[in-house]
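Student: The structure's right below; bear with me while I get my questions together.
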Amino acid sequence: MAQSPVSERFMQRCFDLARLGAGKVSPNPMVGAVLEYQGRIIGEGFHQSYGQAHAEVNALASVLPADVSFIPHSTLYVSLEPCDIYGNTPPCTQLIIQKKIPRVVLSCFDHSPGVDGAGAERLRNAGVEVIVGVLGEEGRRLSLPRNTFVRRQRPYVILKYAQSKNGVFAPPDNRQLWLTNEYSRRLTHKWRSETDALLIGANTALADDPKLTNRHYFGGSPLRVVLDREGTLPRALSVFDGQSPTLIFTEMNPPPPAKNLDYCPVPFDGQLAGNVLKELARRKISTLMVEGGIRTLQHFIKAGLWDEARVFIAGSYVAEGRMAPLLPEPPLEARRLGSDELLLFRNSLQSLNLH
Ligand code: AOF
Ligand code: ZN
């Protein structure tokens with residue numbers, strides 16, 4: 001079917017609704033749904049929190065009594081293929097068939113085991129017309145964290161760092177260097193509210209003593225993850241303050257866990273990034289933001305284990321220092337944030353086969 005701008009508008013609404021679930025649904029995907037009757041939205045909803053009702057269920061529940069009789073003559077738009085499994089909730093395919101919805105438009109497939117095309121097939125077999133791929137690119141991007149988690153059994157990895165206008169990441173003596181402006185700081189905290197875990201290396205923990213919490217935006221804080229090979233980081237550092245859950249990866253015999261503090265032994269070899277991601281996935285972490293420092297970022301880049309990079313270019317120059325990591329692909333997008341510029345990169349190799 002030709003993708004009319006009208007169907008794109010309804011799908012765009014699904015995406016906007018889906019994003020309202022950011023930070024609350026992981027490791028489930030963000031999903032939005034709109035029920036349309038003769039060009040009018042008679043119901044809409046989104047997946048609001050993990051384990052709770054799916055977008056389709058909320059959209060149907062929102063239909064006013066006066067509009068209920070239109071449901072069997074409506075089109076359901078969903079940002080992701082409806083589920084076909086009993087998870088925390090019953091399959092949405094069953095609900096769609098029960099409600100006699102004749103037409104379903106979706107943006108992309110859900111690669112979760114047991115779904116992955118089976119949802120669309122179940123609907124078609126029941127006589128529902130199913131259209132796939134409206135605003136497909138944006139829909140796939142929205143669902144990429146979930147699809148990466150289920151297909152690759154690792155979290156979706158976002159690299160985040162800042163550099164001066166001339167590419168300096170840190171001063172030569174490793175002192176903390178604050179480069180970016182207040183907009184960028186606020187945005188970073190918004191990202192923290194949307195991410196399951198943040199990871200830094202021991203050098204960054206020592207040099208910057210970051211709290212790694214979300215203090216400048218609504219919502220919660222992520223799990224703090226620190227790579228401390230020798231297990232020698234001083235307990236006075238903020239990451240040990242017990243204010244937020246912290247997981248330390250170390251090569252040493254780990255001490256017993258304490259309140260909000262857990263340890264995981266892992267060899268610090270060439271497989272470190274992969275092993276850390278595997279363990280995080282085991283703990284149901286589906287999105288991870290790697291915030292530094294240079295060596296840690298480079299380790300993930302070298303292993304090819306990253307999906308997206310968000311790089312701030314500050315407005316100022318720094319005379320000397322260690323240069324920021326280089327990414328193997330050019331940025332796809334640049335956004336101005338006052339004196340800063342934000343560059344967005346994607347690892348095209350990792351998003352292959354997830355379409
Ligand atoms: C949908 N609509 O809004 C969401 C879906 O354990 P459960 O019951 O939450 O189900 C998990 C499955 O549902 C899994 O395939 C996940 O990707 C999908 N999430 N599906 O139809 C939604 N959030
Ligand atoms: Zn569902």
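Identifiers in the structure tokens: chain A, B, ... in order shown; residue index from 1 per chain; ligand index from 1 in order shown.
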Taking only C-alpha atoms and all ligand atoms into account, list the residues no farther than 10 Å from ligand 2, as a PDB file with all heavy atoms, in the first residue's frame.

Tutor:
ATOM      1  N   VAL A  31       6.131   1.688  23.338  1.00  0.00           N
ATOM      2  CA  VAL A  31       5.156   1.444  22.273  1.00  0.00           C
ATOM      3  C   VAL A  31       3.975   2.399  22.433  1.00  0.00           C
ATOM      4  O   VAL A  31       3.499   2.630  23.547  1.00  0.00           O
ATOM      5  CB  VAL A  31       4.641  -0.022  22.302  1.00  0.00           C
ATOM      6  CG1 VAL A  31       3.679  -0.286  21.143  1.00  0.00           C
ATOM      7  CG2 VAL A  31       5.787  -1.022  22.264  1.00  0.00           C
ATOM      8  N   HIS A  47       2.482   2.150  26.335  1.00  0.00           N
ATOM      9  CA  HIS A  47       2.960   1.254  27.391  1.00  0.00           C
ATOM     10  C   HIS A  47       3.586   2.148  28.459  1.00  0.00           C
ATOM     11  O   HIS A  47       4.575   2.812  28.196  1.00  0.00           O
ATOM     12  CB  HIS A  47       3.989   0.291  26.778  1.00  0.00           C
ATOM     13  CG  HIS A  47       4.450  -0.779  27.710  1.00  0.00           C
ATOM     14  ND1 HIS A  47       3.612  -1.410  28.607  1.00  0.00           N
ATOM     15  CD2 HIS A  47       5.668  -1.338  27.887  1.00  0.00           C
ATOM     16  CE1 HIS A  47       4.304  -2.313  29.286  1.00  0.00           C
ATOM     17  NE2 HIS A  47       5.550  -2.282  28.873  1.00  0.00           N
ATOM     18  N   ALA A  53      -0.135  -2.839  31.428  1.00  0.00           N
ATOM     19  CA  ALA A  53      -0.857  -2.984  30.156  1.00  0.00           C
ATOM     20  C   ALA A  53      -0.053  -2.465  28.968  1.00  0.00           C
ATOM     21  O   ALA A  53       0.676  -1.473  29.074  1.00  0.00           O
ATOM     22  CB  ALA A  53      -2.177  -2.232  30.244  1.00  0.00           C
ATOM     23  N   HIS A  54      -0.227  -3.125  27.837  1.00  0.00           N
ATOM     24  CA  HIS A  54       0.423  -2.704  26.598  1.00  0.00           C
ATOM     25  C   HIS A  54      -0.338  -1.542  25.960  1.00  0.00           C
ATOM     26  O   HIS A  54      -1.482  -1.248  26.325  1.00  0.00           O
ATOM     27  CB  HIS A  54       0.504  -3.886  25.631  1.00  0.00           C
ATOM     28  CG  HIS A  54       1.557  -4.870  26.027  1.00  0.00           C
ATOM     29  ND1 HIS A  54       1.861  -5.982  25.292  1.00  0.00           N
ATOM     30  CD2 HIS A  54       2.397  -4.889  27.105  1.00  0.00           C
ATOM     31  CE1 HIS A  54       2.834  -6.656  25.887  1.00  0.00           C
ATOM     32  NE2 HIS A  54       3.169  -6.008  26.988  1.00  0.00           N
ATOM     33  N   ALA A  55       0.336  -0.919  24.976  1.00  0.00           N
ATOM     34  CA  ALA A  55      -0.215   0.267  24.319  1.00  0.00           C
ATOM     35  C   ALA A  55      -1.606  -0.003  23.726  1.00  0.00           C
ATOM     36  O   ALA A  55      -2.530   0.803  23.869  1.00  0.00           O
ATOM     37  CB  ALA A  55       0.735   0.711  23.217  1.00  0.00           C
ATOM     38  N   GLU A  56      -1.749  -1.158  23.069  1.00  0.00           N
ATOM     39  CA  GLU A  56      -3.020  -1.478  22.410  1.00  0.00           C
ATOM     40  C   GLU A  56      -4.155  -1.569  23.430  1.00  0.00           C
ATOM     41  O   GLU A  56      -5.279  -1.118  23.186  1.00  0.00           O
ATOM     42  CB  GLU A  56      -2.913  -2.831  21.674  1.00  0.00           C
ATOM     43  CG  GLU A  56      -1.849  -2.882  20.589  1.00  0.00           C
ATOM     44  CD  GLU A  56      -0.484  -3.330  21.096  1.00  0.00           C
ATOM     45  OE1 GLU A  56      -0.089  -2.925  22.222  1.00  0.00           O
ATOM     46  OE2 GLU A  56       0.206  -4.062  20.380  1.00  0.00           O
ATOM     47  N   VAL A  57      -3.850  -2.179  24.576  1.00  0.00           N
ATOM     48  CA  VAL A  57      -4.861  -2.351  25.633  1.00  0.00           C
ATOM     49  C   VAL A  57      -5.295  -0.977  26.140  1.00  0.00           C
ATOM     50  O   VAL A  57      -6.492  -0.697  26.286  1.00  0.00           O
ATOM     51  CB  VAL A  57      -4.257  -3.192  26.797  1.00  0.00           C
ATOM     52  CG1 VAL A  57      -5.238  -3.300  27.954  1.00  0.00           C
ATOM     53  CG2 VAL A  57      -3.840  -4.565  26.288  1.00  0.00           C
ATOM     54  N   LEU A  80       4.830  -0.708  17.028  1.00  0.00           N
ATOM     55  CA  LEU A  80       5.541  -1.991  16.985  1.00  0.00           C
ATOM     56  C   LEU A  80       4.531  -3.114  16.755  1.00  0.00           C
ATOM     57  O   LEU A  80       3.366  -2.998  17.154  1.00  0.00           O
ATOM     58  CB  LEU A  80       6.254  -2.196  18.328  1.00  0.00           C
ATOM     59  CG  LEU A  80       7.161  -3.404  18.495  1.00  0.00           C
ATOM     60  CD1 LEU A  80       8.420  -3.255  17.623  1.00  0.00           C
ATOM     61  CD2 LEU A  80       7.589  -3.566  19.956  1.00  0.00           C
ATOM     62  N   GLU A  81       5.013  -4.176  16.147  1.00  0.00           N
ATOM     63  CA  GLU A  81       4.158  -5.350  15.932  1.00  0.00           C
ATOM     64  C   GLU A  81       3.495  -5.787  17.250  1.00  0.00           C
ATOM     65  O   GLU A  81       4.175  -5.946  18.261  1.00  0.00           O
ATOM     66  CB  GLU A  81       5.055  -6.494  15.428  1.00  0.00           C
ATOM     67  CG  GLU A  81       4.334  -7.801  15.216  1.00  0.00           C
ATOM     68  CD  GLU A  81       5.313  -8.917  14.831  1.00  0.00           C
ATOM     69  OE1 GLU A  81       6.536  -8.745  15.001  1.00  0.00           O
ATOM     70  OE2 GLU A  81       4.828  -9.956  14.369  1.00  0.00           O
ATOM     71  N   PRO A  82       2.188  -6.009  17.248  1.00  0.00           N
ATOM     72  CA  PRO A  82       1.519  -6.461  18.479  1.00  0.00           C
ATOM     73  C   PRO A  82       2.065  -7.816  18.956  1.00  0.00           C
ATOM     74  O   PRO A  82       2.372  -8.687  18.137  1.00  0.00           O
ATOM     75  CB  PRO A  82       0.046  -6.583  18.053  1.00  0.00           C
ATOM     76  CG  PRO A  82      -0.086  -5.674  16.879  1.00  0.00           C
ATOM     77  CD  PRO A  82       1.230  -5.755  16.162  1.00  0.00           C
ATOM     78  N   CYS A  83       2.153  -7.975  20.255  1.00  0.00           N
ATOM     79  CA  CYS A  83       2.736  -9.202  20.803  1.00  0.00           C
ATOM     80  C   CYS A  83       1.775 -10.369  20.630  1.00  0.00           C
ATOM     81  O   CYS A  83       0.558 -10.191  20.549  1.00  0.00           O
ATOM     82  CB  CYS A  83       3.107  -9.015  22.268  1.00  0.00           C
ATOM     83  SG  CYS A  83       1.688  -8.836  23.351  1.00  0.00           S
ATOM     84  N   ASP A  84       2.378 -11.559  20.594  1.00  0.00           N
ATOM     85  CA  ASP A  84       1.585 -12.765  20.347  1.00  0.00           C
ATOM     86  C   ASP A  84       1.900 -13.810  21.404  1.00  0.00           C
ATOM     87  O   ASP A  84       1.819 -15.002  21.169  1.00  0.00           O
ATOM     88  CB  ASP A  84       1.935 -13.287  18.937  1.00  0.00           C
ATOM     89  CG  ASP A  84       0.968 -14.366  18.474  1.00  0.00           C
ATOM     90  OD1 ASP A  84      -0.248 -14.178  18.673  1.00  0.00           O
ATOM     91  OD2 ASP A  84       1.426 -15.395  17.934  1.00  0.00           O
ATOM     92  N   ILE A  85       2.322 -13.339  22.582  1.00  0.00           N
ATOM     93  CA  ILE A  85       2.746 -14.268  23.642  1.00  0.00           C
ATOM     94  C   ILE A  85       2.096 -13.899  24.971  1.00  0.00           C
ATOM     95  O   ILE A  85       1.691 -12.756  25.169  1.00  0.00           O
ATOM     96  CB  ILE A  85       4.288 -14.226  23.837  1.00  0.00           C
ATOM     97  CG1 ILE A  85       4.769 -12.768  23.971  1.00  0.00           C
ATOM     98  CG2 ILE A  85       5.019 -14.941  22.723  1.00  0.00           C
ATOM     99  CD1 ILE A  85       6.204 -12.617  24.380  1.00  0.00           C
ATOM    100  N   TYR A  86       2.021 -14.885  25.847  1.00  0.00           N
ATOM    101  CA  TYR A  86       1.646 -14.593  27.223  1.00  0.00           C
ATOM    102  C   TYR A  86       2.916 -14.238  27.978  1.00  0.00           C
ATOM    103  O   TYR A  86       3.743 -15.092  28.261  1.00  0.00           O
ATOM    104  CB  TYR A  86       0.983 -15.821  27.866  1.00  0.00           C
ATOM    105  CG  TYR A  86      -0.445 -16.032  27.412  1.00  0.00           C
ATOM    106  CD1 TYR A  86      -0.730 -16.825  26.305  1.00  0.00           C
ATOM    107  CD2 TYR A  86      -1.503 -15.424  28.085  1.00  0.00           C
ATOM    108  CE1 TYR A  86      -2.039 -17.000  25.869  1.00  0.00           C
ATOM    109  CE2 TYR A  86      -2.820 -15.604  27.662  1.00  0.00           C
ATOM    110  CZ  TYR A  86      -3.075 -16.384  26.555  1.00  0.00           C
ATOM    111  OH  TYR A  86      -4.370 -16.560  26.128  1.00  0.00           O
ATOM    112  N   GLY A  87       3.124 -12.971  28.255  1.00  0.00           N
ATOM    113  CA  GLY A  87       4.247 -12.547  29.096  1.00  0.00           C
ATOM    114  C   GLY A  87       3.670 -12.141  30.427  1.00  0.00           C
ATOM    115  O   GLY A  87       2.936 -12.912  31.053  1.00  0.00           O
ATOM    116  N   ASN A  88       3.964 -10.903  30.838  1.00  0.00           N
ATOM    117  CA  ASN A  88       3.301 -10.364  32.035  1.00  0.00           C
ATOM    118  C   ASN A  88       1.822 -10.123  31.752  1.00  0.00           C
ATOM    119  O   ASN A  88       1.016 -10.041  32.674  1.00  0.00           O
ATOM    120  CB  ASN A  88       3.952  -9.044  32.450  1.00  0.00           C
ATOM    121  CG  ASN A  88       5.368  -9.258  32.951  1.00  0.00           C
ATOM    122  OD1 ASN A  88       5.599 -10.061  33.847  1.00  0.00           O
ATOM    123  ND2 ASN A  88       6.315  -8.565  32.351  1.00  0.00           N
ATOM    124  N   THR A  89       1.508  -9.960  30.478  1.00  0.00           N
ATOM    125  CA  THR A  89       0.122  -9.668  30.083  1.00  0.00           C
ATOM    126  C   THR A  89      -0.256 -10.595  28.916  1.00  0.00           C
ATOM    127  O   THR A  89       0.621 -11.126  28.249  1.00  0.00           O
ATOM    128  CB  THR A  89      -0.003  -8.193  29.634  1.00  0.00           C
ATOM    129  OG1 THR A  89       0.801  -8.011  28.466  1.00  0.00           O
ATOM    130  CG2 THR A  89       0.444  -7.215  30.704  1.00  0.00           C
ATOM    131  N   PRO A  90      -1.580 -10.767  28.674  1.00  0.00           N
ATOM    132  CA  PRO A  90      -1.992 -11.647  27.559  1.00  0.00           C
ATOM    133  C   PRO A  90      -1.646 -11.039  26.194  1.00  0.00           C
ATOM    134  O   PRO A  90      -1.391  -9.834  26.106  1.00  0.00           O
ATOM    135  CB  PRO A  90      -3.506 -11.755  27.718  1.00  0.00           C
ATOM    136  CG  PRO A  90      -3.892 -11.005  28.936  1.00  0.00           C
ATOM    137  CD  PRO A  90      -2.722 -10.213  29.408  1.00  0.00           C
ATOM    138  N   PRO A  91      -1.650 -11.860  25.122  1.00  0.00           N
ATOM    139  CA  PRO A  91      -1.256 -11.353  23.796  1.00  0.00           C
ATOM    140  C   PRO A  91      -2.193 -10.271  23.271  1.00  0.00           C
ATOM    141  O   PRO A  91      -3.410 -10.430  23.335  1.00  0.00           O
ATOM    142  CB  PRO A  91      -1.313 -12.588  22.892  1.00  0.00           C
ATOM    143  CG  PRO A  91      -1.834 -13.714  23.706  1.00  0.00           C
ATOM    144  CD  PRO A  91      -1.986 -13.284  25.120  1.00  0.00           C
ATOM    145  N   CYS A  92      -1.625  -9.214  22.718  1.00  0.00           N
ATOM    146  CA  CYS A  92      -2.436  -8.137  22.135  1.00  0.00           C
ATOM    147  C   CYS A  92      -3.141  -8.620  20.876  1.00  0.00           C
ATOM    148  O   CYS A  92      -4.201  -8.109  20.526  1.00  0.00           O
ATOM    149  CB  CYS A  92      -1.559  -6.935  21.814  1.00  0.00           C
ATOM    150  SG  CYS A  92      -0.999  -6.100  23.308  1.00  0.00           S
ATOM    151  N   THR A  93      -2.549  -9.596  20.170  1.00  0.00           N
ATOM    152  CA  THR A  93      -3.188 -10.114  18.956  1.00  0.00           C
ATOM    153  C   THR A  93      -4.590 -10.641  19.290  1.00  0.00           C
ATOM    154  O   THR A  93      -5.546 -10.403  18.560  1.00  0.00           O
ATOM    155  CB  THR A  93      -2.354 -11.255  18.346  1.00  0.00           C
ATOM    156  OG1 THR A  93      -2.004 -12.167  19.377  1.00  0.00           O
ATOM    157  CG2 THR A  93      -1.081 -10.727  17.699  1.00  0.00           C
ATOM    158  N   GLN A  94      -4.679 -11.336  20.435  1.00  0.00           N
ATOM    159  CA  GLN A  94      -5.960 -11.902  20.863  1.00  0.00           C
ATOM    160  C   GLN A  94      -7.008 -10.796  21.061  1.00  0.00           C
ATOM    161  O   GLN A  94      -8.149 -10.917  20.617  1.00  0.00           O
ATOM    162  CB  GLN A  94      -5.717 -12.605  22.199  1.00  0.00           C
ATOM    163  CG  GLN A  94      -6.698 -13.663  22.563  1.00  0.00           C
ATOM    164  CD  GLN A  94      -6.251 -14.337  23.863  1.00  0.00           C
ATOM    165  OE1 GLN A  94      -6.196 -13.686  24.905  1.00  0.00           O
ATOM    166  NE2 GLN A  94      -5.912 -15.600  23.790  1.00  0.00           N
ATOM    167  N   LEU A  95      -6.592  -9.729  21.691  1.00  0.00           N
ATOM    168  CA  LEU A  95      -7.491  -8.608  21.967  1.00  0.00           C
ATOM    169  C   LEU A  95      -7.968  -7.972  20.656  1.00  0.00           C
ATOM    170  O   LEU A  95      -9.156  -7.662  20.494  1.00  0.00           O
ATOM    171  CB  LEU A  95      -6.747  -7.569  22.818  1.00  0.00           C
ATOM    172  CG  LEU A  95      -7.527  -6.308  23.180  1.00  0.00           C
ATOM    173  CD1 LEU A  95      -8.641  -6.639  24.176  1.00  0.00           C
ATOM    174  CD2 LEU A  95      -6.605  -5.253  23.790  1.00  0.00           C
ATOM    175  N   ILE A  96      -7.030  -7.798  19.713  1.00  0.00           N
ATOM    176  CA  ILE A  96      -7.363  -7.165  18.432  1.00  0.00           C
ATOM    177  C   ILE A  96      -8.390  -8.017  17.672  1.00  0.00           C
ATOM    178  O   ILE A  96      -9.362  -7.508  17.117  1.00  0.00           O
ATOM    179  CB  ILE A  96      -6.070  -6.965  17.592  1.00  0.00           C
ATOM    180  CG1 ILE A  96      -5.165  -5.950  18.285  1.00  0.00           C
ATOM    181  CG2 ILE A  96      -6.385  -6.551  16.163  1.00  0.00           C
ATOM    182  CD1 ILE A  96      -3.736  -5.921  17.753  1.00  0.00           C
ATOM    183  N   VAL A 115       7.463 -13.643  19.032  1.00  0.00           N
ATOM    184  CA  VAL A 115       6.722 -12.621  18.268  1.00  0.00           C
ATOM    185  C   VAL A 115       7.355 -12.603  16.875  1.00  0.00           C
ATOM    186  O   VAL A 115       7.065 -13.473  16.059  1.00  0.00           O
ATOM    187  CB  VAL A 115       6.746 -11.235  18.963  1.00  0.00           C
ATOM    188  CG1 VAL A 115       5.751 -10.288  18.291  1.00  0.00           C
ATOM    189  CG2 VAL A 115       6.395 -11.351  20.444  1.00  0.00           C
ATOM    190  N   GLY A 119       3.178 -12.230  15.306  1.00  0.00           N
ATOM    191  CA  GLY A 119       2.049 -11.370  15.669  1.00  0.00           C
ATOM    192  C   GLY A 119       1.299 -10.953  14.417  1.00  0.00           C
ATOM    193  O   GLY A 119       0.067 -11.066  14.345  1.00  0.00           O
TER     194      GLY A 119
END

Student: Would you mind listing what lies within 7 Å of stretch 248-253 of chain A as an MDAnalysis selection string, with only C-alpha atoms counted and same-chain residues fewer than 6 positions away left out?

Tutor: chainID A and resid 225:231 262:268

Student: Go ahead and dump the residues you just picked, N, CA and C atoms, as an mmCIF file, in the first residue's frame.

Tutor:
data_model
loop_
_atom_site.group_PDB
_atom_site.id
_atom_site.type_symbol
_atom_site.label_atom_id
_atom_site.label_comp_id
_atom_site.auth_asym_id
_atom_site.auth_seq_id
_atom_site.Cartn_x
_atom_site.Cartn_y
_atom_site.Cartn_z
ATOM 1 N N VAL A 225 27.566 1.900 37.095
ATOM 2 C CA VAL A 225 28.475 0.776 36.855
ATOM 3 C C VAL A 225 29.894 1.322 36.720
ATOM 4 N N VAL A 226 30.823 0.754 37.488
ATOM 5 C CA VAL A 226 32.203 1.236 37.461
ATOM 6 C C VAL A 226 33.143 0.059 37.198
ATOM 7 N N LEU A 227 34.098 0.266 36.291
ATOM 8 C CA LEU A 227 35.125 -0.740 36.042
ATOM 9 C C LEU A 227 36.316 -0.422 36.947
ATOM 10 N N ASP A 228 36.579 -1.259 37.947
ATOM 11 C CA ASP A 228 37.662 -1.008 38.910
ATOM 12 C C ASP A 228 38.531 -2.265 38.975
ATOM 13 N N ARG A 229 39.416 -2.380 38.003
ATOM 14 C CA ARG A 229 40.218 -3.595 37.858
ATOM 15 C C ARG A 229 40.894 -4.026 39.153
ATOM 16 N N GLU A 230 41.622 -3.081 39.779
ATOM 17 C CA GLU A 230 42.404 -3.415 40.978
ATOM 18 C C GLU A 230 41.554 -3.436 42.248
ATOM 19 N N GLY A 231 40.350 -2.933 42.170
ATOM 20 C CA GLY A 231 39.507 -2.854 43.372
ATOM 21 C C GLY A 231 40.038 -1.868 44.382
ATOM 22 N N ASP A 262 27.112 -3.574 44.825
ATOM 23 C CA ASP A 262 27.291 -4.974 44.452
ATOM 24 C C ASP A 262 28.571 -5.094 43.621
ATOM 25 N N TYR A 263 29.178 -6.273 43.641
ATOM 26 C CA TYR A 263 30.425 -6.495 42.909
ATOM 27 C C TYR A 263 30.251 -7.653 41.948
ATOM 28 N N CYS A 264 31.020 -7.609 40.864
ATOM 29 C CA CYS A 264 30.986 -8.725 39.936
ATOM 30 C C CYS A 264 32.410 -8.968 39.429
ATOM 31 N N PRO A 265 32.969 -10.157 39.688
ATOM 32 C CA PRO A 265 34.318 -10.433 39.202
ATOM 33 C C PRO A 265 34.307 -10.741 37.712
ATOM 34 N N VAL A 266 35.287 -10.183 36.994
ATOM 35 C CA VAL A 266 35.362 -10.402 35.551
ATOM 36 C C VAL A 266 36.827 -10.219 35.124
ATOM 37 N N PRO A 267 37.328 -11.059 34.185
ATOM 38 C CA PRO A 267 38.703 -10.841 33.731
ATOM 39 C C PRO A 267 38.792 -9.562 32.890
ATOM 40 N N PHE A 268 39.812 -8.736 33.157
ATOM 41 C CA PHE A 268 39.991 -7.499 32.388
ATOM 42 C C PHE A 268 40.879 -7.786 31.181
#

Student: Please report, as CSV, each residue of stretch 26-79 of chain A lying at most 12 Å from stretch 6-14 of chain A, together with the nearest pair of atoms and the separation in Å rounded to one decimal; use only C-alpha atoms, and order rows by chain and ascending residue number.

Tutor:
residue,atom,partner,partner_atom,distance
A:Met30,CA,A:Cys14,CA,10.0
A:Val31,CA,A:Cys14,CA,7.3
A:Gly32,CA,A:Cys14,CA,4.3
A:Ala33,CA,A:Cys14,CA,5.1
A:Val34,CA,A:Cys14,CA,6.1
A:Leu35,CA,A:Phe10,CA,8.8
A:Glu36,CA,A:Phe10,CA,8.1
A:Tyr37,CA,A:Phe10,CA,11.4
A:Gln38,CA,A:Val6,CA,11.3
A:Gly39,CA,A:Val6,CA,8.4
A:Arg40,CA,A:Phe10,CA,9.8
A:Ile41,CA,A:Phe10,CA,8.5
A:Ile42,CA,A:Phe10,CA,11.8
A:Gly43,CA,A:Cys14,CA,11.2
A:Glu44,CA,A:Cys14,CA,8.1
A:Gly45,CA,A:Cys14,CA,8.2
A:Phe46,CA,A:Cys14,CA,7.8
A:His47,CA,A:Cys14,CA,10.8
A:Ala55,CA,A:Cys14,CA,9.2
A:Glu56,CA,A:Cys14,CA,10.5
A:Ala59,CA,A:Cys14,CA,10.3
A:Thr75,CA,A:Ser7,CA,9.8
A:Leu76,CA,A:Phe10,CA,9.4
A:Tyr77,CA,A:Met11,CA,6.2
A:Val78,CA,A:Cys14,CA,6.3
A:Ser79,CA,A:Cys14,CA,5.7

Student: Need the shell around A:Lys100: protein/DNA/RNA residues with any atom at most 12 Å away, counting only C-alpha atoms. Skip same-chain ones fewer than 4 positions apart. Format as a VMD selection string?

Tutor: chain A and resid 60 68 to 76 93 to 96 104 123 126 to 129

Student: Could you please determine the separation between atom CA of A:Tyr217 and atom CA of A:Lys190 in Å, to one decimal place?

Tutor: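 Distance reported for this atom pair: 5.3 Å.
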
Student: Atom CA of A:Leu159 and atom CA of A:Glu291 are how many Å apart?

Tutor: 6.3 Å

Student: Would you compute the distance between atom CA of A:Asn147 and atom CA of A:Ala118? Give it in Å to one decimal.

Tutor: 15.1 Å

Student: Counting only C-alpha atoms, what is within 9 Å of A:Glu138, bar same-chain residues fewer than 4 positions away, as a list of chain:residue names?

Tutor: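 Neighbouring residues, sequence-local ones excluded: A:Gln12, A:Phe15, A:Ser107, A:Leu142, A:Ser143.
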
Student: Quick one: everything within 9 Å of stretch 329-334 of chain A, counting only C-alpha atoms, minus sequence neighbours fewer than 6 positions away in the same chain. Send it as a short mmCIF file (atom, residue, chain, number, x, y, z; two decimals) with N, CA and C atoms, in the first residue's frame.

Tutor:
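Below is the file that was written, selection15.cif:
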data_model
loop_
_atom_site.label_atom_id
_atom_site.label_comp_id
_atom_site.auth_asym_id
_atom_site.auth_seq_id
_atom_site.Cartn_x
_atom_site.Cartn_y
_atom_site.Cartn_z
N ALA A 309 26.31 7.07 19.40
CA ALA A 309 27.20 7.96 20.16
C ALA A 309 26.62 9.36 20.13
N GLU A 341 27.54 22.11 20.31
CA GLU A 341 26.92 21.38 19.20
C GLU A 341 26.86 19.91 19.62
N LEU A 342 25.74 19.26 19.30
CA LEU A 342 25.61 17.83 19.62
C LEU A 342 25.65 17.04 18.33
N LEU A 343 26.60 16.11 18.24
CA LEU A 343 26.70 15.25 17.06
C LEU A 343 26.15 13.87 17.41
N LEU A 344 25.32 13.32 16.51
CA LEU A 344 24.75 12.00 16.75
C LEU A 344 25.30 11.00 15.73
N PHE A 345 25.88 9.93 16.26
CA PHE A 345 26.47 8.88 15.42
C PHE A 345 25.69 7.58 15.62
N ARG A 346 25.70 6.73 14.60
CA ARG A 346 25.12 5.39 14.74
C ARG A 346 26.11 4.37 14.22
N ASN A 347 26.17 3.23 14.87
CA ASN A 347 27.03 2.15 14.41
C ASN A 347 26.23 1.31 13.42
N SER A 348 26.44 1.56 12.13
CA SER A 348 25.59 0.91 11.13
C SER A 348 25.77 -0.60 11.15
#

Student: Going by DSSP on the backbone, which residues of stretch 215-308 of chain A come out as alpha helix (DSSP H)? List them as a PyMOL selection string.

Tutor: chain A and resi 272-282+294-302

Student: When you count only C-alpha atoms, which of these residues is closest to A:Thr213: A:Arg322, A:Arg335, A:Arg140, A:His189?

Tutor: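 Among A:Arg322, A:Arg335, A:Arg140, A:His189, it is A:His189 that comes nearest to A:Thr213.
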
Student: Go through A:Asn353, A:Asn214, A:Asn174, A:Asn58 and flag the residue nearest A:Arg186, using only C-alpha atoms for the distances.

Tutor: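 Between A:Asn353, A:Asn214, A:Asn174, A:Asn58, the residue approaching A:Arg186 most closely is A:Asn214.
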
Student: Excluding A:Gly338 and residues on its chain fewer than 3 positions from it, collect all residues at most 10 Å away from it, counting only C-alpha atoms, and give them as JSON, numbers by chain.

Tutor: {"A": [180, 181, 182, 183, 184, 314, 315, 335, 341]}

Student: Which residue, A:Asp269, A:Pro27, A:Asp208, A:Ala170, has the smallest gap to A:Ala324 when you use only C-alpha atoms?

Tutor: A:Ala170

Student: Run DSSP on the backbone and give me the residues of stretch 84-273 of chain A it puts in strand (DSSP E or B), as JSON, numbers by chain.

Tutor: {"A": [103, 104, 105, 106, 107, 108, 129, 130, 131, 132, 156, 157, 158, 159, 160, 161, 162, 163, 168, 169, 170, 197, 198, 199, 200, 201, 223, 224, 225, 226, 227, 246, 247, 248, 249, 250, 258, 261, 262, 263, 264, 265]}

Student: Out of A:Ile101, A:Leu326, A:Val134, A:Ile158, which residue has the shortest atom-to-atom distance to A:Pro5 when counting only C-alpha atoms?

Tutor: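 Of A:Ile101, A:Leu326, A:Val134, A:Ile158, the one nearest A:Pro5 is A:Val134, counting only C-alpha atoms.
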
Student: Considering only C-alpha atoms, return as a tab-separated table (two decimals) with C-alpha atoms, in the first residue's frame whatever protein or nucleic-acid residues lie within 10 Å of A:Lys302, sequence-local ones (same chain, fewer than 2 positions apart) excluded.

Tutor:
chain	number	residue	atom	x	y	z
A	270	GLY	CA	40.16	-8.16	25.39
A	273	ALA	CA	33.28	-5.06	27.09
A	296	THR	CA	36.82	2.88	28.50
A	297	LEU	CA	35.17	4.47	25.47
A	298	GLN	CA	37.92	3.18	23.22
A	299	HIS	CA	37.51	-0.31	24.57
A	300	PHE	CA	33.85	-0.35	23.52
A	304	GLY	CA	32.47	-2.63	17.96
A	305	LEU	CA	30.11	-2.90	20.92
A	306	TRP	CA	28.26	0.38	20.64
A	327	LEU	CA	34.45	7.07	15.73
A	328	PRO	CA	34.64	4.99	12.55
